[in-house]
$ cat final-v3.cif   # mmCIF, C-alpha atoms and all ligand atoms
data_work
loop_
_atom_site.group_PDB
_atom_site.id
_atom_site.type_symbol
_atom_site.label_atom_id
_atom_site.label_comp_id
_atom_site.auth_asym_id
_atom_site.auth_seq_id
_atom_site.Cartn_x
_atom_site.Cartn_y
_atom_site.Cartn_z
ATOM 1 C CA MET L 1 92.887 109.255 96.281
ATOM 2 C CA LYS L 2 96.636 109.443 96.607
ATOM 3 C CA LEU L 3 96.718 112.787 98.374
ATOM 4 C CA ILE L 4 95.964 112.706 102.104
ATOM 5 C CA ASP L 5 93.745 115.650 103.003
ATOM 6 C CA GLY L 6 94.852 116.467 106.544
ATOM 7 C CA LYS L 7 92.776 119.615 106.515
ATOM 8 C CA GLN L 8 89.600 117.595 105.969
ATOM 9 C CA ILE L 9 90.554 114.993 108.598
ATOM 10 C CA ALA L 10 91.223 117.804 111.088
ATOM 11 C CA LYS L 11 87.823 119.325 110.221
ATOM 12 C CA ASP L 12 86.139 115.962 110.835
ATOM 13 C CA ILE L 13 87.782 115.761 114.273
ATOM 14 C CA VAL L 14 86.656 119.306 115.083
ATOM 15 C CA THR L 15 83.082 118.395 114.060
ATOM 16 C CA GLU L 16 83.133 115.227 116.192
ATOM 17 C CA LEU L 17 84.476 117.125 119.201
ATOM 18 C CA THR L 18 81.887 119.893 118.731
ATOM 19 C CA GLU L 19 79.152 117.259 118.946
ATOM 20 C CA GLU L 20 80.702 115.671 122.052
ATOM 21 C CA VAL L 21 81.195 118.997 123.825
ATOM 22 C CA ALA L 22 77.610 120.043 123.037
ATOM 23 C CA LYS L 23 76.393 117.049 125.074
ATOM 24 C CA ILE L 24 78.167 118.261 128.209
ATOM 25 C CA GLU L 25 75.867 119.755 130.788
ATOM 26 C CA GLY L 26 77.501 122.279 133.098
ATOM 27 C CA PRO L 27 80.991 123.723 132.729
ATOM 28 C CA LYS L 28 82.661 122.980 129.405
ATOM 29 C CA PRO L 29 86.255 121.840 128.913
ATOM 30 C CA CYS L 30 88.738 124.701 129.284
ATOM 31 C CA ILE L 31 92.247 125.199 127.923
ATOM 32 C CA ALA L 32 94.638 127.917 129.123
ATOM 33 C CA PHE L 33 97.245 129.274 126.706
ATOM 34 C CA ILE L 34 100.364 130.970 128.020
ATOM 35 C CA ARG L 35 102.219 133.058 125.476
ATOM 36 C CA VAL L 36 105.357 134.971 126.457
ATOM 37 C CA GLY L 37 106.313 137.997 124.334
ATOM 38 C CA GLU L 38 105.132 138.868 120.844
ATOM 39 C CA ASP L 39 106.936 136.439 118.532
ATOM 40 C CA PRO L 40 104.775 136.726 115.366
ATOM 41 C CA ALA L 41 104.664 132.980 114.693
ATOM 42 C CA SER L 42 103.626 132.292 118.304
ATOM 43 C CA VAL L 43 100.951 135.019 118.160
ATOM 44 C CA SER L 44 99.556 133.431 115.015
ATOM 45 C CA TYR L 45 99.693 129.828 116.334
ATOM 46 C CA VAL L 46 98.015 130.710 119.620
ATOM 47 C CA ARG L 47 95.330 132.705 117.792
ATOM 48 C CA SER L 48 94.570 129.695 115.608
ATOM 49 C CA LYS L 49 94.397 127.296 118.605
ATOM 50 C CA ASN L 50 92.195 129.791 120.464
ATOM 51 C CA ARG L 51 89.826 130.059 117.500
ATOM 52 C CA THR L 52 89.527 126.288 117.065
ATOM 53 C CA ALA L 53 88.805 125.836 120.785
ATOM 54 C CA GLU L 54 86.027 128.445 120.588
ATOM 55 C CA LYS L 55 84.521 126.771 117.543
ATOM 56 C CA ILE L 56 84.302 123.445 119.383
ATOM 57 C CA GLY L 57 82.882 124.982 122.547
ATOM 58 C CA ILE L 58 86.074 124.483 124.556
ATOM 59 C CA LYS L 59 86.634 127.583 126.675
ATOM 60 C CA PRO L 60 89.969 129.229 125.853
ATOM 61 C CA LEU L 61 91.820 131.393 128.372
ATOM 62 C CA LEU L 62 94.713 133.428 127.011
ATOM 63 C CA PHE L 63 97.532 134.710 129.228
ATOM 64 C CA GLU L 64 99.899 137.047 127.394
ATOM 65 C CA LEU L 65 102.965 137.534 129.546
ATOM 66 C CA PRO L 66 105.699 140.131 128.910
ATOM 67 C CA GLU L 67 108.920 139.135 127.132
ATOM 68 C CA SER L 68 110.959 140.104 130.228
ATOM 69 C CA ILE L 69 109.143 137.759 132.645
ATOM 70 C CA THR L 70 111.284 135.692 135.049
ATOM 71 C CA GLN L 71 111.149 131.919 135.422
ATOM 72 C CA ALA L 72 109.631 132.359 138.906
ATOM 73 C CA GLU L 73 106.805 134.499 137.500
ATOM 74 C CA LEU L 74 106.113 131.984 134.753
ATOM 75 C CA ILE L 75 106.077 129.107 137.263
ATOM 76 C CA LYS L 76 103.694 131.076 139.487
ATOM 77 C CA LYS L 77 101.228 131.386 136.607
ATOM 78 C CA VAL L 78 101.504 127.645 135.850
ATOM 79 C CA ASP L 79 100.927 126.829 139.539
ATOM 80 C CA GLU L 80 97.792 129.006 139.608
ATOM 81 C CA LEU L 81 96.388 127.217 136.557
ATOM 82 C CA ASN L 82 97.344 123.797 137.962
ATOM 83 C CA ALA L 83 95.338 124.626 141.093
ATOM 84 C CA ASP L 84 92.283 125.873 139.189
ATOM 85 C CA PRO L 85 89.757 123.013 138.874
ATOM 86 C CA GLU L 86 88.010 124.807 136.008
ATOM 87 C CA VAL L 87 91.143 124.608 133.830
ATOM 88 C CA HIS L 88 91.577 121.180 132.227
ATOM 89 C CA GLY L 89 94.469 121.829 129.862
ATOM 90 C CA ILE L 90 97.495 124.140 129.930
ATOM 91 C CA LEU L 91 99.718 125.002 126.980
ATOM 92 C CA ILE L 92 102.877 127.090 127.090
ATOM 93 C CA GLN L 93 103.622 128.231 123.560
ATOM 94 C CA SER L 94 107.160 127.456 122.491
ATOM 95 C CA PRO L 95 109.736 128.935 121.898
ATOM 96 C CA LEU L 96 110.151 130.923 125.124
ATOM 97 C CA PRO L 97 112.581 133.851 125.474
ATOM 98 C CA SER L 98 116.146 132.725 126.202
ATOM 99 C CA GLN L 99 116.150 133.650 129.921
ATOM 100 C CA LEU L 100 113.470 130.997 130.558
ATOM 101 C CA ASP L 101 113.965 127.266 131.039
ATOM 102 C CA GLU L 102 111.399 125.756 128.722
ATOM 103 C CA GLN L 103 111.576 122.125 129.819
ATOM 104 C CA GLU L 104 111.348 123.115 133.490
ATOM 105 C CA ALA L 105 108.214 125.116 132.688
ATOM 106 C CA PHE L 106 106.662 122.209 130.743
ATOM 107 C CA ASN L 107 107.459 119.878 133.643
ATOM 108 C CA ARG L 108 105.728 122.237 136.063
ATOM 109 C CA ILE L 109 102.374 121.771 134.303
ATOM 110 C CA HIS L 110 100.334 119.094 136.078
ATOM 111 C CA PRO L 111 100.831 115.971 133.936
ATOM 112 C CA ASN L 112 97.074 115.460 133.685
ATOM 113 C CA LYS L 113 96.698 118.994 132.270
ATOM 114 C CA ASP L 114 99.669 118.669 129.903
ATOM 115 C CA VAL L 115 97.661 118.554 126.670
ATOM 116 C CA ASP L 116 100.802 119.234 124.595
ATOM 117 C CA GLY L 117 102.348 116.025 125.946
ATOM 118 C CA PHE L 118 105.646 117.767 126.743
ATOM 119 C CA HIS L 119 105.872 116.785 130.443
ATOM 120 C CA VAL L 120 108.528 114.218 131.315
ATOM 121 C CA GLN L 121 105.823 112.046 132.854
ATOM 122 C CA ASN L 122 103.846 112.011 129.614
ATOM 123 C CA ALA L 123 107.007 111.080 127.696
ATOM 124 C CA GLY L 124 107.227 108.143 130.120
ATOM 125 C CA ARG L 125 103.559 107.304 129.690
ATOM 126 C CA VAL L 126 104.080 107.042 125.916
ATOM 127 C CA VAL L 127 106.973 104.635 126.543
ATOM 128 C CA GLN L 128 104.819 102.624 128.952
ATOM 129 C CA GLU L 129 101.823 102.722 126.557
ATOM 130 C CA ASP L 130 99.598 104.206 129.259
ATOM 131 C CA PRO L 131 96.239 105.072 127.632
ATOM 132 C CA ASN L 132 95.703 107.887 130.140
ATOM 133 C CA GLY L 133 98.844 109.702 129.026
ATOM 134 C CA PHE L 134 99.132 112.528 126.514
ATOM 135 C CA ALA L 135 101.262 112.036 123.422
ATOM 136 C CA SER L 136 102.540 115.122 121.674
ATOM 137 C CA CYS L 137 100.054 116.313 119.108
ATOM 138 C CA THR L 138 101.926 116.089 115.797
ATOM 139 C CA PRO L 139 103.001 112.431 116.106
ATOM 140 C CA ALA L 140 99.601 111.511 117.541
ATOM 141 C CA GLY L 141 98.085 113.268 114.516
ATOM 142 C CA ILE L 142 100.103 111.087 112.129
ATOM 143 C CA ILE L 143 98.803 107.921 113.832
ATOM 144 C CA GLU L 144 95.274 109.368 113.583
ATOM 145 C CA ILE L 145 95.736 110.072 109.853
ATOM 146 C CA CYS L 146 96.865 106.486 109.261
ATOM 147 C CA GLN L 147 93.914 105.068 111.193
ATOM 148 C CA ARG L 148 91.342 107.225 109.439
ATOM 149 C CA GLU L 149 92.818 106.632 105.982
ATOM 150 C CA GLY L 150 93.036 102.858 106.431
ATOM 151 C CA ILE L 151 96.839 102.897 106.311
ATOM 152 C CA SER L 152 97.899 99.970 108.486
ATOM 153 C CA LEU L 153 101.350 100.162 110.072
ATOM 154 C CA GLU L 154 101.186 96.556 111.240
ATOM 155 C CA GLY L 155 104.423 94.744 110.415
ATOM 156 C CA LYS L 156 105.467 97.545 108.052
ATOM 157 C CA HIS L 157 108.913 99.066 107.964
ATOM 158 C CA VAL L 158 108.370 102.655 109.069
ATOM 159 C CA VAL L 159 111.380 104.904 108.515
ATOM 160 C CA VAL L 160 111.341 108.115 110.529
ATOM 161 C CA ILE L 161 113.751 110.873 109.491
ATOM 162 C CA GLY L 162 114.442 113.139 112.478
ATOM 163 C CA ARG L 163 114.799 112.366 116.179
ATOM 164 C CA SER L 164 113.240 115.399 117.890
ATOM 165 C CA LEU L 165 111.320 114.678 121.073
ATOM 166 C CA ILE L 166 108.222 116.476 119.805
ATOM 167 C CA VAL L 167 107.979 114.624 116.482
ATOM 168 C CA GLY L 168 110.480 111.975 115.362
ATOM 169 C CA LYS L 169 111.291 110.217 118.615
ATOM 170 C CA THR L 170 107.712 110.246 119.877
ATOM 171 C CA PHE L 171 106.327 109.061 116.542
ATOM 172 C CA ALA L 172 108.812 106.178 116.548
ATOM 173 C CA LEU L 173 107.599 105.185 120.028
ATOM 174 C CA LEU L 174 103.935 105.387 119.007
ATOM 175 C CA ALA L 175 104.458 103.427 115.784
ATOM 176 C CA MET L 176 106.180 100.567 117.626
ATOM 177 C CA GLN L 177 103.500 100.299 120.326
ATOM 178 C CA LYS L 178 101.460 97.136 120.637
ATOM 179 C CA GLY L 179 98.024 97.553 119.142
ATOM 180 C CA PRO L 180 96.086 97.778 115.903
ATOM 181 C CA HIS L 181 97.061 101.438 115.420
ATOM 182 C CA ALA L 182 100.777 100.569 115.388
ATOM 183 C CA ASN L 183 102.807 97.309 115.527
ATOM 184 C CA ALA L 184 105.358 98.717 113.079
ATOM 185 C CA THR L 185 109.023 97.877 112.679
ATOM 186 C CA VAL L 186 110.660 101.261 113.121
ATOM 187 C CA THR L 187 113.960 102.747 112.020
ATOM 188 C CA VAL L 188 114.918 106.281 113.057
ATOM 189 C CA CYS L 189 117.355 108.147 110.785
ATOM 190 C CA HIS L 190 119.083 111.408 111.689
ATOM 191 C CA SER L 191 121.989 113.629 110.703
ATOM 192 C CA ARG L 192 124.579 110.978 111.655
ATOM 193 C CA THR L 193 122.906 108.063 109.895
ATOM 194 C CA ARG L 194 125.147 106.283 107.405
ATOM 195 C CA ASN L 195 123.651 105.490 103.999
ATOM 196 C CA LEU L 196 120.497 107.430 104.830
ATOM 197 C CA PRO L 197 119.069 107.301 101.274
ATOM 198 C CA GLU L 198 119.357 103.495 101.252
ATOM 199 C CA VAL L 199 117.698 103.184 104.644
ATOM 200 C CA VAL L 200 114.835 105.472 103.623
ATOM 201 C CA LYS L 201 114.394 103.487 100.411
ATOM 202 C CA SER L 202 113.643 100.365 102.448
ATOM 203 C CA GLY L 203 110.698 102.099 104.144
ATOM 204 C CA ASP L 204 107.124 101.057 103.435
ATOM 205 C CA VAL L 205 106.160 104.245 105.257
ATOM 206 C CA VAL L 206 108.456 107.282 105.369
ATOM 207 C CA VAL L 207 107.908 110.034 107.922
ATOM 208 C CA ALA L 208 110.025 113.110 107.186
ATOM 209 C CA ALA L 209 110.525 115.377 110.194
ATOM 210 C CA ILE L 210 113.972 116.812 109.729
ATOM 211 C CA GLY L 211 113.225 120.483 109.011
ATOM 212 C CA ARG L 212 115.075 120.724 105.698
ATOM 213 C CA PRO L 213 113.225 121.767 102.551
ATOM 214 C CA ASN L 214 112.953 119.091 99.850
ATOM 215 C CA PHE L 215 115.343 116.775 101.744
ATOM 216 C CA VAL L 216 113.606 113.563 100.648
ATOM 217 C CA THR L 217 114.200 113.112 96.930
ATOM 218 C CA ALA L 218 112.726 110.604 94.479
ATOM 219 C CA ASP L 219 115.777 108.311 94.545
ATOM 220 C CA MET L 220 115.221 107.725 98.305
ATOM 221 C CA VAL L 221 111.627 106.512 98.042
ATOM 222 C CA LYS L 222 110.458 103.005 97.237
ATOM 223 C CA GLU L 223 107.679 102.722 94.681
ATOM 224 C CA GLY L 224 104.361 102.436 96.481
ATOM 225 C CA ALA L 225 105.588 103.848 99.799
ATOM 226 C CA VAL L 226 103.360 105.980 102.015
ATOM 227 C CA VAL L 227 105.041 109.364 102.506
ATOM 228 C CA ILE L 228 104.187 111.573 105.471
ATOM 229 C CA ASP L 229 105.756 115.038 105.333
ATOM 230 C CA VAL L 230 105.955 116.852 108.673
ATOM 231 C CA GLY L 231 108.204 119.681 107.450
ATOM 232 C CA ILE L 232 107.041 123.278 107.333
ATOM 233 C CA ASN L 233 109.877 125.264 105.764
ATOM 234 C CA ARG L 234 109.803 128.801 104.448
ATOM 235 C CA VAL L 235 111.586 129.250 101.136
ATOM 236 C CA GLU L 236 111.973 132.592 99.395
ATOM 237 C CA ASP L 237 109.505 133.167 96.589
ATOM 238 C CA PRO L 238 109.438 136.660 95.098
ATOM 239 C CA SER L 239 106.212 135.829 93.250
ATOM 240 C CA LYS L 240 104.358 135.677 96.592
ATOM 241 C CA LYS L 241 103.034 138.769 98.314
ATOM 242 C CA ASN L 242 104.762 137.892 101.597
ATOM 243 C CA GLY L 243 107.972 136.902 99.773
ATOM 244 C CA TYR L 244 107.975 133.221 100.745
ATOM 245 C CA ARG L 245 106.114 129.962 100.347
ATOM 246 C CA LEU L 246 105.880 126.896 102.563
ATOM 247 C CA VAL L 247 107.448 123.637 101.469
ATOM 248 C CA GLY L 248 107.822 120.330 103.264
ATOM 249 C CA ASP L 249 110.824 118.083 103.878
ATOM 250 C CA VAL L 250 109.840 116.046 100.806
ATOM 251 C CA ASP L 251 110.440 117.053 97.197
ATOM 252 C CA PHE L 252 106.728 116.688 96.535
ATOM 253 C CA ALA L 253 106.730 117.063 92.740
ATOM 254 C CA ALA L 254 109.353 114.338 92.311
ATOM 255 C CA VAL L 255 108.150 111.945 95.045
ATOM 256 C CA GLU L 256 104.385 112.135 94.507
ATOM 257 C CA PRO L 257 104.351 109.955 91.355
ATOM 258 C CA LEU L 258 106.135 107.150 93.255
ATOM 259 C CA ALA L 259 104.116 107.238 96.448
ATOM 260 C CA SER L 260 100.940 105.244 97.037
ATOM 261 C CA ARG L 261 99.744 107.928 99.496
ATOM 262 C CA ILE L 262 101.341 111.284 100.375
ATOM 263 C CA THR L 263 100.598 114.282 102.571
ATOM 264 C CA PRO L 264 100.902 117.737 101.001
ATOM 265 C CA VAL L 265 102.444 120.814 102.634
ATOM 266 C CA PRO L 266 100.487 122.830 103.560
ATOM 267 C CA GLY L 267 97.273 120.939 104.299
ATOM 268 C CA GLY L 268 98.698 117.574 105.372
ATOM 269 C CA VAL L 269 100.039 116.943 108.852
ATOM 270 C CA GLY L 270 99.980 120.636 109.910
ATOM 271 C CA PRO L 271 96.225 121.013 110.537
ATOM 272 C CA MET L 272 96.214 117.770 112.559
ATOM 273 C CA THR L 273 98.342 119.276 115.330
ATOM 274 C CA VAL L 274 95.638 121.708 116.476
ATOM 275 C CA ALA L 275 92.911 119.063 116.071
ATOM 276 C CA MET L 276 94.856 116.627 118.283
ATOM 277 C CA LEU L 277 95.443 119.376 120.856
ATOM 278 C CA MET L 278 91.679 119.767 121.093
ATOM 279 C CA LYS L 279 91.252 115.995 121.317
ATOM 280 C CA ASN L 280 93.778 115.911 124.166
ATOM 281 C CA THR L 281 91.928 118.754 125.909
ATOM 282 C CA PHE L 282 88.653 116.840 125.718
ATOM 283 C CA LYS L 283 90.444 113.742 127.055
ATOM 284 C CA ALA L 284 91.914 115.795 129.936
ATOM 285 C CA TYR L 285 88.428 117.091 130.723
ATOM 286 C CA LYS L 286 86.991 113.576 130.761
ATOM 287 C CA LEU L 287 89.798 112.202 132.937
ATOM 288 C CA GLN L 288 89.498 115.055 135.419
ATOM 289 C CA SER L 289 85.704 114.876 135.491
ATOM 290 C CA SER L 290 85.704 111.158 136.304
ATOM 291 C CA SER L 291 88.279 111.288 139.105
HETATM 292 N N1 LIG V 1 105.518 125.728 119.145
HETATM 293 C C1 LIG V 1 105.478 125.114 117.941
HETATM 294 N N2 LIG V 1 104.680 124.020 117.990
HETATM 295 C C2 LIG V 1 104.216 123.946 119.262
HETATM 296 C C3 LIG V 1 103.330 123.053 119.925
HETATM 297 O O1 LIG V 1 102.830 122.073 119.381
HETATM 298 N N3 LIG V 1 103.082 123.333 121.224
HETATM 299 C C4 LIG V 1 103.651 124.382 121.865
HETATM 300 N N4 LIG V 1 103.353 124.568 123.135
HETATM 301 N N5 LIG V 1 104.451 125.237 121.277
HETATM 302 C C5 LIG V 1 104.733 125.009 119.981
#
$ encode --input "final-v3.cif" --output "structure tokens" --more "lines below"
Ligand code: GUN
Amino acid sequence: MKLIDGKQIAKDIVTELTEEVAKIEGPKPCIAFIRVGEDPASVSYVRSKNRTAEKIGIKPLLFELPESITQAELIKKVDELNADPEVHGILIQSPLPSQLDEQEAFNRIHPNKDVDGFHVQNAGRVVQEDPNGFASCTPAGIIEICQREGISLEGKHVVVIGRSLIVGKTFALLAMQKGPHANATVTVCHSRTRNLPEVVKSGDVVVAAIGRPNFVTADMVKEGAVVIDVGINRVEDPSKKNGYRLVGDVDFAAVEPLASRITPVPGGVGPMTVAMLMKNTFKAYKLQSSS
């Protein structure tokens, strides 16, 4: 089938992890979520991660800190969780209120508990191809999709649109790694790229992570390309009860007929992020249990 069902792949991962966790005798893996303030999107994301953890048998701990918290108070909480041997993974939900230094907080998490893969040391471990590192969940999820769907990146020209640390840049690093999951020739396009449509058109695989609705149009895509859409953009839609609908960075209706495989939005890459977070948490548990 042309459409890549990320929701089903994420479900399969959850089922596999549930089976693995059930085999554990004694204390189960545990992930601590830190959420600061009441940003509705963050409340909803953390609730969904919490629910998936529970389903798998991973113990979730939720720390809801007030909007007005200081950096020192946030760091104190991270330090407590770093020191707690029963906590295997720590996640600070982003974005944080403006008085807080987000990257400093991410870097305070013990790198072996950094299941989001946002610590500077884990960025370095991705560069060094260290198998004990944690790669950020969305790009790791795209690699997982390709592996499970039999989409080989080997020798292919992979064009990534977007250079964010969390998606574009990290995906580019993963796709160019040595190994059967990767071995791609990678080009990263961004807002300053000249002749972007031409560059994208030379891609055997196109990964759109630019955060602009319907940015990738049919004229930019080579016939037979694999198209991975990481965008989650709200566009107004008065016909919907909540007044909006979600669209990706790819003009799906126009690009789908050209693509050999394509991820939809929603239901493509999105569900993989939480699944990979759980996979990272299980990996953190295993690493900490064997050391
Ligand atoms: N905010 C949006 N996506 C993410 C994510 O993957 N991890 C964290 N910690 N915050 C986010």
$ closest_residue --input "final-v3.cif" --among "L:Ser260, L:Ser239, L:Thr185, L:Gln103" --to "L:Val221" --atoms "only C-alpha atoms"
L:Ser260
$ residues_near_ligand --input "final-v3.cif" --ligand "ligand LIG 1 (chain V)" --cutoff "7 Å" --atoms "all atoms listed in the file" --output "PDB file with C-alpha atoms, in the frame of the given file"
ATOM      1  CA  SER L  42     103.626 132.292 118.304  1.00  0.00           C
ATOM      2  CA  LEU L  91      99.718 125.002 126.980  1.00  0.00           C
ATOM      3  CA  ILE L  92     102.877 127.090 127.090  1.00  0.00           C
ATOM      4  CA  GLN L  93     103.622 128.231 123.560  1.00  0.00           C
ATOM      5  CA  SER L  94     107.160 127.456 122.491  1.00  0.00           C
ATOM      6  CA  PRO L  95     109.736 128.935 121.898  1.00  0.00           C
ATOM      7  CA  ASP L 116     100.802 119.234 124.595  1.00  0.00           C
ATOM      8  CA  CYS L 137     100.054 116.313 119.108  1.00  0.00           C
ATOM      9  CA  THR L 273      98.342 119.276 115.330  1.00  0.00           C
TER      10      THR L 273
END
$ resolve_selection --input "final-v3.cif" --expression "the PyMOL selection byres (((chain L and resi 278) around 9) and not hetatm)" --output "number ranges by chain"
L: 13-14, 17, 31, 49, 52-53, 56, 58, 115, 273-277, 279-283
$ axis_aligned_box --input "final-v3.cif" --around "stretch 178-197 of chain L" --padding-each-side "6 Å" --output "JSON"
{"center_x": 110.6, "center_y": 105.4, "center_z": 111.0, "size_x": 41.1, "size_y": 28.5, "size_z": 31.4}
$ closest_residue --input "final-v3.cif" --among "L:Gly124, L:Pro180, L:Gln288, L:Leu165" --to "L:Cys30" --atoms "only C-alpha atoms"
L:Gln288
$ closest_residue --input "final-v3.cif" --among "L:Glu67, L:Asp237, L:Asp249, L:Asp229" --to "L:Gln99" --atoms "all atoms listed in the file"
L:Glu67
$ closest_residue --input "final-v3.cif" --among "L:Glu25, L:Ile161, L:Ile210, L:Val226" --to "L:Arg261" --atoms "all atoms listed in the file"
L:Val226
$ closest_residue --input "final-v3.cif" --among "L:Ile143, L:Ile109, L:Ile34, L:Ile69" --to "L:Asn122" --atoms "all atoms listed in the file"
L:Ile109
$ closest_residue --input "final-v3.cif" --among "L:His88, L:Gly224, L:Glu129, L:Val159" --to "L:Pro111" --atoms "only C-alpha atoms"
L:His88
$ decode --input "final-v3.cif" --residues "stretch 153-160 of chain L" --atoms "all heavy atoms" --output "short mmCIF file (atom, residue, chain, number, x, y, z; two decimals), in the first residue's frame"
data_model
loop_
_atom_site.label_atom_id
_atom_site.label_comp_id
_atom_site.auth_asym_id
_atom_site.auth_seq_id
_atom_site.Cartn_x
_atom_site.Cartn_y
_atom_site.Cartn_z
N LEU L 153 17.28 3.11 2.73
CA LEU L 153 17.85 4.44 2.46
C LEU L 153 19.23 4.31 1.81
O LEU L 153 19.82 5.30 1.39
CB LEU L 153 17.97 5.24 3.77
CG LEU L 153 16.67 5.49 4.54
CD1 LEU L 153 16.95 6.31 5.81
CD2 LEU L 153 15.64 6.21 3.67
N GLU L 154 19.73 3.09 1.77
CA GLU L 154 21.08 2.81 1.30
C GLU L 154 21.35 3.43 -0.09
O GLU L 154 20.67 3.09 -1.07
CB GLU L 154 21.26 1.28 1.22
CG GLU L 154 22.54 0.85 0.58
CD GLU L 154 23.48 0.19 1.58
OE1 GLU L 154 23.04 -0.23 2.65
OE2 GLU L 154 24.67 0.11 1.25
N GLY L 155 22.32 4.32 -0.12
CA GLY L 155 22.74 4.93 -1.39
C GLY L 155 21.74 5.90 -1.99
O GLY L 155 22.00 6.50 -3.04
N LYS L 156 20.59 6.06 -1.32
CA LYS L 156 19.55 6.95 -1.87
C LYS L 156 19.90 8.41 -1.60
O LYS L 156 20.62 8.72 -0.65
CB LYS L 156 18.20 6.65 -1.20
CG LYS L 156 17.72 5.23 -1.35
CD LYS L 156 16.85 5.05 -2.59
CE LYS L 156 16.41 3.61 -2.76
NZ LYS L 156 15.45 3.17 -1.73
N HIS L 157 19.32 9.28 -2.42
CA HIS L 157 19.44 10.71 -2.13
C HIS L 157 18.26 11.11 -1.26
O HIS L 157 17.11 11.13 -1.70
CB HIS L 157 19.46 11.52 -3.43
CG HIS L 157 19.71 12.97 -3.19
ND1 HIS L 157 19.33 13.95 -4.06
CD2 HIS L 157 20.31 13.61 -2.15
CE1 HIS L 157 19.68 15.14 -3.58
NE2 HIS L 157 20.27 14.94 -2.41
N VAL L 158 18.55 11.38 0.00
CA VAL L 158 17.52 11.79 0.96
C VAL L 158 17.59 13.31 1.09
O VAL L 158 18.64 13.85 1.45
CB VAL L 158 17.74 11.12 2.33
CG1 VAL L 158 16.79 11.69 3.37
CG2 VAL L 158 17.56 9.61 2.22
N VAL L 159 16.50 13.99 0.77
CA VAL L 159 16.47 15.44 0.90
C VAL L 159 15.61 15.80 2.11
O VAL L 159 14.43 15.45 2.17
CB VAL L 159 15.92 16.11 -0.38
CG1 VAL L 159 15.83 17.63 -0.18
CG2 VAL L 159 16.83 15.80 -1.57
N VAL L 160 16.24 16.45 3.07
CA VAL L 160 15.55 16.87 4.29
C VAL L 160 15.25 18.36 4.15
O VAL L 160 16.15 19.14 3.82
CB VAL L 160 16.46 16.63 5.53
CG1 VAL L 160 15.72 16.99 6.81
CG2 VAL L 160 16.94 15.19 5.58
#
